[in-house]
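Reviewing the structure listed below.
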Amino acid sequence: ASSSSEDFDFFYFVQQWPGSYCDTQKSCCYPTTGKPAADFGIHGLWPNYKDGTYPSNCDATKPFDKSTISDLISSMKKSWPTLACPSGSGEAFWEHEWEKHGTCSQSVIDQHQYFQTALGLKQKTNLLGALTKAGINPDGQSYSLESIRDSIKESTGFTPWIECNRDGSGNSQLYQVYLCVDRSASGLIECPVFPHGKCGAEIEFPSF
Ligand code: 5GP
Ligand code: 5GP
Ligand code: 5GP
């Protein structure tokens, strides 16, 4: 089924660095399942339009249904952990992502495919591997934004967009990495449009 409100042009696949979510003034809470691995975690797979706008909350008749993704839950606990407070299992985060974003891509992928696609993309992009291979480690040091972008491009074949936030002392740091996925959810593409916002030329990569 599709309606105009369900149409979209491509996806952003967004991954977050947990150290940068947790070291801000707001801090964070580890999931009830324990401290996540020191690795990028999935934030979401977001349908978008080429003009930079995006649909959201497209179908209230298709709520998050854990029973349709029971085979994926253990992988999601590892790869898509929640760091928001209060501590949760992750379900509230996954539910939010499905309802806000996933319901807008149902003309292409159903709920199981939505979560499975995101999990597959995380494995395939291996951001931490791309960075460490280039000598960029989560050690609290500063790295050039260019070297971060180049190492991810070198490894994935596609130009990422880097989002920064600020640590407790106000330093600009690597927070989220955006890659683009074609409308059929079959693979990465060059981004038709990048989000807005700016990092410094040198940004911190905090430990976690
Ligand atoms: P923030 O204001 O923290 O950048 O974004 C808040 C939320 O808005 C995100 O978690 C996401 O749900 C949504 N959002 C922000 N920017 C974009 C975008 O460019 N595309 C889509 N699809 N959603 C976005
Ligand atoms: P967005 O609407 O920006 O896609 O998703 C952000 C929402 O998910 C926020 O309301 C936030 O409270 C919730 N959330 C739960 N866990 C996390 C997390 O680990 N990271 C982020 N960025 N948001 C989370
Ligand atoms: P939302 O209300 O959409 O969860 O989150 C809005 C913004 O606040 C998100 O971009 C997210 O990065 C940040 N945020 C939400 N909850 C938390 C939290 O518990 N800790 C931290 N550090 N940031 C949060």
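Ligands are numbered from 1 in the order shown, chains are lettered A, B, ... in the order of the structure tokens, and residues start at 1 in each chain.
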(request) Could you give me the residues within 10 Å of ligand 2, counting only C-alpha atoms and all ligand atoms, as a ChimeraX atom specification? (result) /A:14-18,21-22,28-31,41-46,56,80-101,175-176
(message) Using only C-alpha atoms and all ligand atoms, which residues have at least one atom no more than 7 Å from ligand 1? Output them as an MDAnalysis selection string.
(response) chainID A and resid 12 46:48 52:55 100:101 195
Now that the selection is made, can you save its residues with C-alpha atoms as a PDB file, in the first residue's frame?
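The resulting file, part.pdb, is reproduced below:
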ATOM      1  CA  TYR A  12      19.507   8.309   6.041  1.00  0.00           C
ATOM      2  CA  TRP A  46      15.066   7.587   8.211  1.00  0.00           C
ATOM      3  CA  PRO A  47      13.086   8.056   5.005  1.00  0.00           C
ATOM      4  CA  ASN A  48      13.827  11.454   3.500  1.00  0.00           C
ATOM      5  CA  GLY A  52      15.848  17.835   2.745  1.00  0.00           C
ATOM      6  CA  THR A  53      12.426  17.529   4.349  1.00  0.00           C
ATOM      7  CA  TYR A  54      11.079  14.239   5.617  1.00  0.00           C
ATOM      8  CA  PRO A  55       7.831  12.472   6.407  1.00  0.00           C
ATOM      9  CA  LYS A 100       8.213   8.048  13.587  1.00  0.00           C
ATOM     10  CA  HIS A 101      10.323   6.837  10.653  1.00  0.00           C
ATOM     11  CA  PRO A 195      21.633  17.612   6.684  1.00  0.00           C
TER      12      PRO A 195
END
(message) Excluding range 159-169 of chain A and its own-chain neighbours fewer than 2 positions away, which residues fall within 9 Å of it when counting only C-alpha atoms? Please give them as JSON, numbers by chain.
(response) {"A": [20, 21, 22, 23, 24, 25, 26, 27, 145, 148, 149, 150, 152, 153, 154, 156, 157, 171, 172, 173, 174, 175, 176, 177, 178, 179, 180, 189, 190, 191, 194, 195, 196, 197, 198, 199, 200, 203, 204, 206]}
Could you save the residues just selected, with C-alpha atoms, as a short mmCIF file (atom, residue, chain, number, x, y, z; two decimals), in the first residue's frame?
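result_15.cif was written with the following content:
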data_model
loop_
_atom_site.label_atom_id
_atom_site.label_comp_id
_atom_site.auth_asym_id
_atom_site.auth_seq_id
_atom_site.Cartn_x
_atom_site.Cartn_y
_atom_site.Cartn_z
CA SER A 20 29.43 11.32 22.72
CA TYR A 21 25.85 10.75 23.82
CA CYS A 22 27.02 10.08 27.36
CA ASP A 23 29.63 12.79 28.02
CA THR A 24 27.36 15.79 27.42
CA GLN A 25 25.87 17.92 30.20
CA LYS A 26 22.75 15.74 29.99
CA SER A 27 24.68 12.47 30.48
CA LEU A 145 36.97 16.16 10.35
CA ILE A 148 37.28 11.05 9.66
CA ARG A 149 35.20 11.63 6.57
CA ASP A 150 37.91 10.28 4.25
CA ILE A 152 34.73 6.26 6.13
CA LYS A 153 34.55 7.07 2.44
CA GLU A 154 37.61 4.91 1.79
CA THR A 156 32.39 2.16 2.67
CA GLY A 157 32.81 3.76 -0.74
CA ASN A 171 34.37 20.70 22.88
CA SER A 172 33.00 19.69 19.49
CA GLN A 173 33.00 15.92 19.14
CA LEU A 174 31.98 13.11 16.76
CA TYR A 175 28.37 12.28 17.62
CA GLN A 176 26.54 10.73 14.66
CA VAL A 177 27.45 9.44 11.21
CA TYR A 178 24.92 9.63 8.37
CA LEU A 179 25.12 7.43 5.30
CA CYS A 180 22.50 7.28 2.57
CA ILE A 189 24.29 5.56 -2.29
CA GLU A 190 25.89 9.00 -2.33
CA CYS A 191 23.63 11.33 -0.36
CA PHE A 194 23.17 16.49 3.41
CA PRO A 195 21.63 17.61 6.68
CA HIS A 196 22.64 20.98 8.12
CA GLY A 197 24.92 21.77 11.03
CA LYS A 198 28.63 22.08 11.48
CA CYS A 199 31.54 20.48 13.24
CA GLY A 200 34.84 22.18 13.89
CA ILE A 203 36.86 17.21 16.57
CA GLU A 204 37.22 14.96 19.56
CA PRO A 206 35.80 10.44 23.11
#
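The smallest atom-to-atom distance between ligand 3 and any of A:Asp7, A:Gly129, A:Gly19, A:Ser75, using only C-alpha atoms and all ligand atoms, is found for A:Gly19.
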(request) From the DSSP assignment of the backbone, select every residue of range 2-203 of chain A that is strand (DSSP E), and format the answer as a PyMOL selection string. (result) chain A and resi 10-16+41-48+142-144+161-166+172-182+188-189+202-203
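Interatomic distance, CA of Ala118 in chain A to CA of Ala37 in chain A: 17.5 Å.
Non-sequential neighbours of Glu202 in chain A (distance at most 7 Å, separation of 4 or more positions within a chain, only C-alpha atoms) are Ser142, Tyr143, Ser144 and Leu145 of chain A.
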Store the residues picked out above, limited to N, CA and C atoms, as an mmCIF file, in the first residue's frame.
data_model
loop_
_atom_site.group_PDB
_atom_site.id
_atom_site.type_symbol
_atom_site.label_atom_id
_atom_site.label_comp_id
_atom_site.auth_asym_id
_atom_site.auth_seq_id
_atom_site.Cartn_x
_atom_site.Cartn_y
_atom_site.Cartn_z
ATOM 1 N N SER A 142 41.849 14.599 19.483
ATOM 2 C CA SER A 142 41.195 15.304 18.383
ATOM 3 C C SER A 142 41.712 14.800 17.046
ATOM 4 N N TYR A 143 40.822 14.746 16.101
ATOM 5 C CA TYR A 143 41.148 14.327 14.741
ATOM 6 C C TYR A 143 40.524 15.312 13.772
ATOM 7 N N SER A 144 41.109 15.419 12.595
ATOM 8 C CA SER A 144 40.512 16.344 11.628
ATOM 9 C C SER A 144 39.228 15.728 11.088
ATOM 10 N N LEU A 145 38.245 16.592 10.903
ATOM 11 C CA LEU A 145 36.972 16.155 10.346
ATOM 12 C C LEU A 145 37.217 15.500 8.991
#
So that I can check the secondary structure, give me every residue of range 10-188 of chain A assigned helix (DSSP H, G or I) by backbone DSSP, as a PDB file with N, CA and C atoms, in the first residue's frame.
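Dumped everything to result.pdb:
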ATOM      1  N   PRO A  18      28.377   6.154  21.291  1.00  0.00           N
ATOM      2  CA  PRO A  18      27.815   6.225  22.646  1.00  0.00           C
ATOM      3  C   PRO A  18      28.581   7.159  23.581  1.00  0.00           C
ATOM      4  N   GLY A  19      29.905   7.207  23.406  1.00  0.00           N
ATOM      5  CA  GLY A  19      30.710   8.090  24.255  1.00  0.00           C
ATOM      6  C   GLY A  19      30.278   9.544  24.140  1.00  0.00           C
ATOM      7  N   SER A  20      29.823   9.927  22.955  1.00  0.00           N
ATOM      8  CA  SER A  20      29.429  11.321  22.725  1.00  0.00           C
ATOM      9  C   SER A  20      27.995  11.605  23.147  1.00  0.00           C
ATOM     10  N   TYR A  21      27.199  10.576  23.268  1.00  0.00           N
ATOM     11  CA  TYR A  21      25.855  10.755  23.818  1.00  0.00           C
ATOM     12  C   TYR A  21      25.969  10.897  25.336  1.00  0.00           C
ATOM     13  N   CYS A  22      26.941  10.194  25.899  1.00  0.00           N
ATOM     14  CA  CYS A  22      27.021  10.085  27.363  1.00  0.00           C
ATOM     15  C   CYS A  22      27.847  11.163  28.045  1.00  0.00           C
ATOM     16  N   LYS A  66       6.542  -6.144  18.687  1.00  0.00           N
ATOM     17  CA  LYS A  66       7.723  -6.914  19.034  1.00  0.00           C
ATOM     18  C   LYS A  66       7.652  -8.346  18.509  1.00  0.00           C
ATOM     19  N   SER A  67       6.430  -8.887  18.433  1.00  0.00           N
ATOM     20  CA  SER A  67       6.297 -10.293  18.045  1.00  0.00           C
ATOM     21  C   SER A  67       6.722 -10.527  16.586  1.00  0.00           C
ATOM     22  N   THR A  68       6.687  -9.456  15.769  1.00  0.00           N
ATOM     23  CA  THR A  68       7.105  -9.639  14.367  1.00  0.00           C
ATOM     24  C   THR A  68       8.624  -9.632  14.210  1.00  0.00           C
ATOM     25  N   ILE A  69       9.336  -9.221  15.268  1.00  0.00           N
ATOM     26  CA  ILE A  69      10.798  -9.143  15.148  1.00  0.00           C
ATOM     27  C   ILE A  69      11.509  -9.939  16.244  1.00  0.00           C
ATOM     28  N   ILE A  73      15.585  -9.515  18.100  1.00  0.00           N
ATOM     29  CA  ILE A  73      15.741  -8.790  19.370  1.00  0.00           C
ATOM     30  C   ILE A  73      17.143  -8.927  19.964  1.00  0.00           C
ATOM     31  N   SER A  74      17.718 -10.104  19.937  1.00  0.00           N
ATOM     32  CA  SER A  74      19.036 -10.234  20.575  1.00  0.00           C
ATOM     33  C   SER A  74      20.078  -9.418  19.816  1.00  0.00           C
ATOM     34  N   SER A  75      20.000  -9.376  18.505  1.00  0.00           N
ATOM     35  CA  SER A  75      20.914  -8.524  17.724  1.00  0.00           C
ATOM     36  C   SER A  75      20.646  -7.048  17.982  1.00  0.00           C
ATOM     37  N   MET A  76      19.388  -6.705  18.148  1.00  0.00           N
ATOM     38  CA  MET A  76      19.060  -5.295  18.384  1.00  0.00           C
ATOM     39  C   MET A  76      19.579  -4.825  19.733  1.00  0.00           C
ATOM     40  N   LYS A  77      19.517  -5.709  20.727  1.00  0.00           N
ATOM     41  CA  LYS A  77      20.063  -5.332  22.035  1.00  0.00           C
ATOM     42  C   LYS A  77      21.544  -4.974  21.916  1.00  0.00           C
ATOM     43  N   LYS A  78      22.262  -5.674  21.056  1.00  0.00           N
ATOM     44  CA  LYS A  78      23.701  -5.398  20.886  1.00  0.00           C
ATOM     45  C   LYS A  78      23.961  -4.205  19.977  1.00  0.00           C
ATOM     46  N   SER A  79      23.235  -4.125  18.878  1.00  0.00           N
ATOM     47  CA  SER A  79      23.569  -3.152  17.833  1.00  0.00           C
ATOM     48  C   SER A  79      22.754  -1.869  17.876  1.00  0.00           C
ATOM     49  N   GLU A  91      13.329  -1.193  23.873  1.00  0.00           N
ATOM     50  CA  GLU A  91      12.036  -1.268  23.187  1.00  0.00           C
ATOM     51  C   GLU A  91      11.401   0.089  22.918  1.00  0.00           C
ATOM     52  N   ALA A  92      11.492   0.994  23.879  1.00  0.00           N
ATOM     53  CA  ALA A  92      10.866   2.310  23.686  1.00  0.00           C
ATOM     54  C   ALA A  92      11.561   3.071  22.551  1.00  0.00           C
ATOM     55  N   PHE A  93      12.886   2.906  22.430  1.00  0.00           N
ATOM     56  CA  PHE A  93      13.664   3.557  21.368  1.00  0.00           C
ATOM     57  C   PHE A  93      13.267   2.960  20.007  1.00  0.00           C
ATOM     58  N   TRP A  94      13.236   1.623  19.933  1.00  0.00           N
ATOM     59  CA  TRP A  94      12.875   0.961  18.670  1.00  0.00           C
ATOM     60  C   TRP A  94      11.445   1.312  18.258  1.00  0.00           C
ATOM     61  N   GLU A  95      10.584   1.349  19.246  1.00  0.00           N
ATOM     62  CA  GLU A  95       9.186   1.704  18.977  1.00  0.00           C
ATOM     63  C   GLU A  95       9.088   3.122  18.417  1.00  0.00           C
ATOM     64  N   HIS A  96       9.838   4.053  19.029  1.00  0.00           N
ATOM     65  CA  HIS A  96       9.859   5.436  18.561  1.00  0.00           C
ATOM     66  C   HIS A  96      10.364   5.514  17.122  1.00  0.00           C
ATOM     67  N   GLU A  97      11.463   4.804  16.844  1.00  0.00           N
ATOM     68  CA  GLU A  97      12.040   4.850  15.492  1.00  0.00           C
ATOM     69  C   GLU A  97      11.091   4.245  14.465  1.00  0.00           C
ATOM     70  N   TRP A  98      10.454   3.128  14.821  1.00  0.00           N
ATOM     71  CA  TRP A  98       9.501   2.525  13.893  1.00  0.00           C
ATOM     72  C   TRP A  98       8.327   3.471  13.635  1.00  0.00           C
ATOM     73  N   GLU A  99       7.756   3.978  14.707  1.00  0.00           N
ATOM     74  CA  GLU A  99       6.532   4.765  14.539  1.00  0.00           C
ATOM     75  C   GLU A  99       6.804   6.100  13.846  1.00  0.00           C
ATOM     76  N   LYS A 100       7.909   6.751  14.206  1.00  0.00           N
ATOM     77  CA  LYS A 100       8.213   8.048  13.587  1.00  0.00           C
ATOM     78  C   LYS A 100       8.725   7.892  12.153  1.00  0.00           C
ATOM     79  N   GLY A 102       9.929   4.441  10.515  1.00  0.00           N
ATOM     80  CA  GLY A 102       9.671   3.189   9.798  1.00  0.00           C
ATOM     81  C   GLY A 102       8.309   3.162   9.123  1.00  0.00           C
ATOM     82  N   THR A 103       7.313   3.729   9.777  1.00  0.00           N
ATOM     83  CA  THR A 103       5.968   3.703   9.181  1.00  0.00           C
ATOM     84  C   THR A 103       5.903   4.498   7.882  1.00  0.00           C
ATOM     85  N   CYS A 104       6.913   5.305   7.619  1.00  0.00           N
ATOM     86  CA  CYS A 104       6.917   6.102   6.377  1.00  0.00           C
ATOM     87  C   CYS A 104       7.597   5.383   5.216  1.00  0.00           C
ATOM     88  N   GLN A 111       7.822  -4.051   8.696  1.00  0.00           N
ATOM     89  CA  GLN A 111       8.473  -3.838   9.992  1.00  0.00           C
ATOM     90  C   GLN A 111       9.684  -4.757  10.192  1.00  0.00           C
ATOM     91  N   HIS A 112       9.549  -6.002   9.833  1.00  0.00           N
ATOM     92  CA  HIS A 112      10.672  -6.926   9.991  1.00  0.00           C
ATOM     93  C   HIS A 112      11.827  -6.508   9.100  1.00  0.00           C
ATOM     94  N   GLN A 113      11.519  -6.163   7.857  1.00  0.00           N
ATOM     95  CA  GLN A 113      12.567  -5.731   6.924  1.00  0.00           C
ATOM     96  C   GLN A 113      13.220  -4.428   7.369  1.00  0.00           C
ATOM     97  N   TYR A 114      12.429  -3.560   7.997  1.00  0.00           N
ATOM     98  CA  TYR A 114      12.958  -2.278   8.460  1.00  0.00           C
ATOM     99  C   TYR A 114      14.092  -2.509   9.469  1.00  0.00           C
ATOM    100  N   PHE A 115      13.822  -3.326  10.471  1.00  0.00           N
ATOM    101  CA  PHE A 115      14.837  -3.572  11.495  1.00  0.00           C
ATOM    102  C   PHE A 115      15.984  -4.435  10.959  1.00  0.00           C
ATOM    103  N   GLN A 116      15.637  -5.418  10.136  1.00  0.00           N
ATOM    104  CA  GLN A 116      16.669  -6.289   9.565  1.00  0.00           C
ATOM    105  C   GLN A 116      17.615  -5.501   8.654  1.00  0.00           C
ATOM    106  N   THR A 117      17.058  -4.571   7.889  1.00  0.00           N
ATOM    107  CA  THR A 117      17.874  -3.750   6.998  1.00  0.00           C
ATOM    108  C   THR A 117      18.859  -2.911   7.796  1.00  0.00           C
ATOM    109  N   ALA A 118      18.374  -2.286   8.859  1.00  0.00           N
ATOM    110  CA  ALA A 118      19.255  -1.450   9.673  1.00  0.00           C
ATOM    111  C   ALA A 118      20.373  -2.289  10.292  1.00  0.00           C
ATOM    112  N   LEU A 119      20.034  -3.464  10.803  1.00  0.00           N
ATOM    113  CA  LEU A 119      21.056  -4.339  11.397  1.00  0.00           C
ATOM    114  C   LEU A 119      22.097  -4.734  10.357  1.00  0.00           C
ATOM    115  N   GLY A 120      21.651  -5.056   9.162  1.00  0.00           N
ATOM    116  CA  GLY A 120      22.574  -5.444   8.089  1.00  0.00           C
ATOM    117  C   GLY A 120      23.496  -4.303   7.693  1.00  0.00           C
ATOM    118  N   LEU A 121      22.944  -3.097   7.660  1.00  0.00           N
ATOM    119  CA  LEU A 121      23.754  -1.933   7.292  1.00  0.00           C
ATOM    120  C   LEU A 121      24.820  -1.652   8.344  1.00  0.00           C
ATOM    121  N   LYS A 122      24.474  -1.852   9.589  1.00  0.00           N
ATOM    122  CA  LYS A 122      25.474  -1.622  10.645  1.00  0.00           C
ATOM    123  C   LYS A 122      26.663  -2.572  10.477  1.00  0.00           C
ATOM    124  N   GLN A 123      26.359  -3.851  10.236  1.00  0.00           N
ATOM    125  CA  GLN A 123      27.428  -4.828  10.034  1.00  0.00           C
ATOM    126  C   GLN A 123      28.278  -4.436   8.837  1.00  0.00           C
ATOM    127  N   LYS A 124      27.595  -4.096   7.759  1.00  0.00           N
ATOM    128  CA  LYS A 124      28.271  -3.841   6.501  1.00  0.00           C
ATOM    129  C   LYS A 124      29.141  -2.589   6.543  1.00  0.00           C
ATOM    130  N   THR A 125      28.692  -1.562   7.259  1.00  0.00           N
ATOM    131  CA  THR A 125      29.451  -0.313   7.226  1.00  0.00           C
ATOM    132  C   THR A 125      30.622  -0.320   8.204  1.00  0.00           C
ATOM    133  N   LEU A 127      31.752   1.107  10.944  1.00  0.00           N
ATOM    134  CA  LEU A 127      32.369   2.430  11.072  1.00  0.00           C
ATOM    135  C   LEU A 127      33.600   2.431  11.963  1.00  0.00           C
ATOM    136  N   LEU A 128      33.520   1.730  13.095  1.00  0.00           N
ATOM    137  CA  LEU A 128      34.661   1.754  14.004  1.00  0.00           C
ATOM    138  C   LEU A 128      35.879   1.122  13.332  1.00  0.00           C
ATOM    139  N   GLY A 129      35.640   0.046  12.581  1.00  0.00           N
ATOM    140  CA  GLY A 129      36.732  -0.588  11.834  1.00  0.00           C
ATOM    141  C   GLY A 129      37.344   0.362  10.820  1.00  0.00           C
ATOM    142  N   ALA A 130      36.485   1.122  10.130  1.00  0.00           N
ATOM    143  CA  ALA A 130      36.967   2.071   9.125  1.00  0.00           C
ATOM    144  C   ALA A 130      37.861   3.130   9.777  1.00  0.00           C
ATOM    145  N   LEU A 131      37.435   3.619  10.930  1.00  0.00           N
ATOM    146  CA  LEU A 131      38.184   4.683  11.607  1.00  0.00           C
ATOM    147  C   LEU A 131      39.490   4.151  12.204  1.00  0.00           C
ATOM    148  N   THR A 132      39.415   3.020  12.892  1.00  0.00           N
ATOM    149  CA  THR A 132      40.626   2.526  13.565  1.00  0.00           C
ATOM    150  C   THR A 132      41.679   2.104  12.538  1.00  0.00           C
ATOM    151  N   LYS A 133      41.229   1.598  11.410  1.00  0.00           N
ATOM    152  CA  LYS A 133      42.156   1.238  10.338  1.00  0.00           C
ATOM    153  C   LYS A 133      42.957   2.447   9.879  1.00  0.00           C
ATOM    154  N   LEU A 145      38.245  16.592  10.903  1.00  0.00           N
ATOM    155  CA  LEU A 145      36.972  16.155  10.346  1.00  0.00           C
ATOM    156  C   LEU A 145      37.217  15.500   8.991  1.00  0.00           C
ATOM    157  N   GLU A 146      38.143  16.069   8.230  1.00  0.00           N
ATOM    158  CA  GLU A 146      38.455  15.547   6.909  1.00  0.00           C
ATOM    159  C   GLU A 146      38.976  14.108   6.974  1.00  0.00           C
ATOM    160  N   SER A 147      39.849  13.837   7.952  1.00  0.00           N
ATOM    161  CA  SER A 147      40.411  12.480   8.041  1.00  0.00           C
ATOM    162  C   SER A 147      39.323  11.480   8.438  1.00  0.00           C
ATOM    163  N   ILE A 148      38.385  11.914   9.243  1.00  0.00           N
ATOM    164  CA  ILE A 148      37.278  11.048   9.656  1.00  0.00           C
ATOM    165  C   ILE A 148      36.391  10.749   8.452  1.00  0.00           C
ATOM    166  N   ARG A 149      36.041  11.795   7.749  1.00  0.00           N
ATOM    167  CA  ARG A 149      35.196  11.631   6.566  1.00  0.00           C
ATOM    168  C   ARG A 149      35.891  10.751   5.516  1.00  0.00           C
ATOM    169  N   ASP A 150      37.174  11.036   5.269  1.00  0.00           N
ATOM    170  CA  ASP A 150      37.912  10.284   4.245  1.00  0.00           C
ATOM    171  C   ASP A 150      38.018   8.805   4.592  1.00  0.00           C
ATOM    172  N   SER A 151      38.251   8.491   5.864  1.00  0.00           N
ATOM    173  CA  SER A 151      38.441   7.084   6.234  1.00  0.00           C
ATOM    174  C   SER A 151      37.138   6.301   6.043  1.00  0.00           C
ATOM    175  N   ILE A 152      36.013   6.941   6.314  1.00  0.00           N
ATOM    176  CA  ILE A 152      34.725   6.263   6.135  1.00  0.00           C
ATOM    177  C   ILE A 152      34.404   6.130   4.646  1.00  0.00           C
ATOM    178  N   LYS A 153      34.755   7.149   3.896  1.00  0.00           N
ATOM    179  CA  LYS A 153      34.550   7.071   2.441  1.00  0.00           C
ATOM    180  C   LYS A 153      35.420   5.969   1.833  1.00  0.00           C
ATOM    181  N   GLU A 154      36.655   5.906   2.277  1.00  0.00           N
ATOM    182  CA  GLU A 154      37.605   4.908   1.786  1.00  0.00           C
ATOM    183  C   GLU A 154      37.079   3.492   2.033  1.00  0.00           C
ATOM    184  N   SER A 155      36.496   3.306   3.215  1.00  0.00           N
ATOM    185  CA  SER A 155      36.086   1.967   3.616  1.00  0.00           C
ATOM    186  C   SER A 155      34.693   1.581   3.095  1.00  0.00           C
ATOM    187  N   THR A 156      33.749   2.521   3.093  1.00  0.00           N
ATOM    188  CA  THR A 156      32.388   2.165   2.669  1.00  0.00           C
ATOM    189  C   THR A 156      32.155   2.471   1.190  1.00  0.00           C
TER     190      THR A 156
END
(request) Within 10 Å of Asp51 in chain A, counting only C-alpha atoms, which residues show up once you throw out same-chain ones fewer than 6 positions away? Write them as a PyMOL selection string, please. (result) chain A and resi 9+192-194
Since we have the selection now, will you write its residues out, keeping C-alpha atoms, as a short mmCIF file (atom, residue, chain, number, x, y, z; two decimals), in the first residue's frame?
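Once written, result_35.cif looks like this:
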data_model
loop_
_atom_site.label_atom_id
_atom_site.label_comp_id
_atom_site.auth_asym_id
_atom_site.auth_seq_id
_atom_site.Cartn_x
_atom_site.Cartn_y
_atom_site.Cartn_z
CA ASP A 9 13.34 9.48 -2.04
CA PRO A 192 21.27 13.38 -2.55
CA VAL A 193 21.33 16.08 0.14
CA PHE A 194 23.17 16.49 3.41
#
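The coordinates place CA of Asp39 in chain A at 8.3 Å from CA of Phe208 in chain A.
CA of Gly187 in chain A lies 10.1 Å from CA of Phe11 in chain A.
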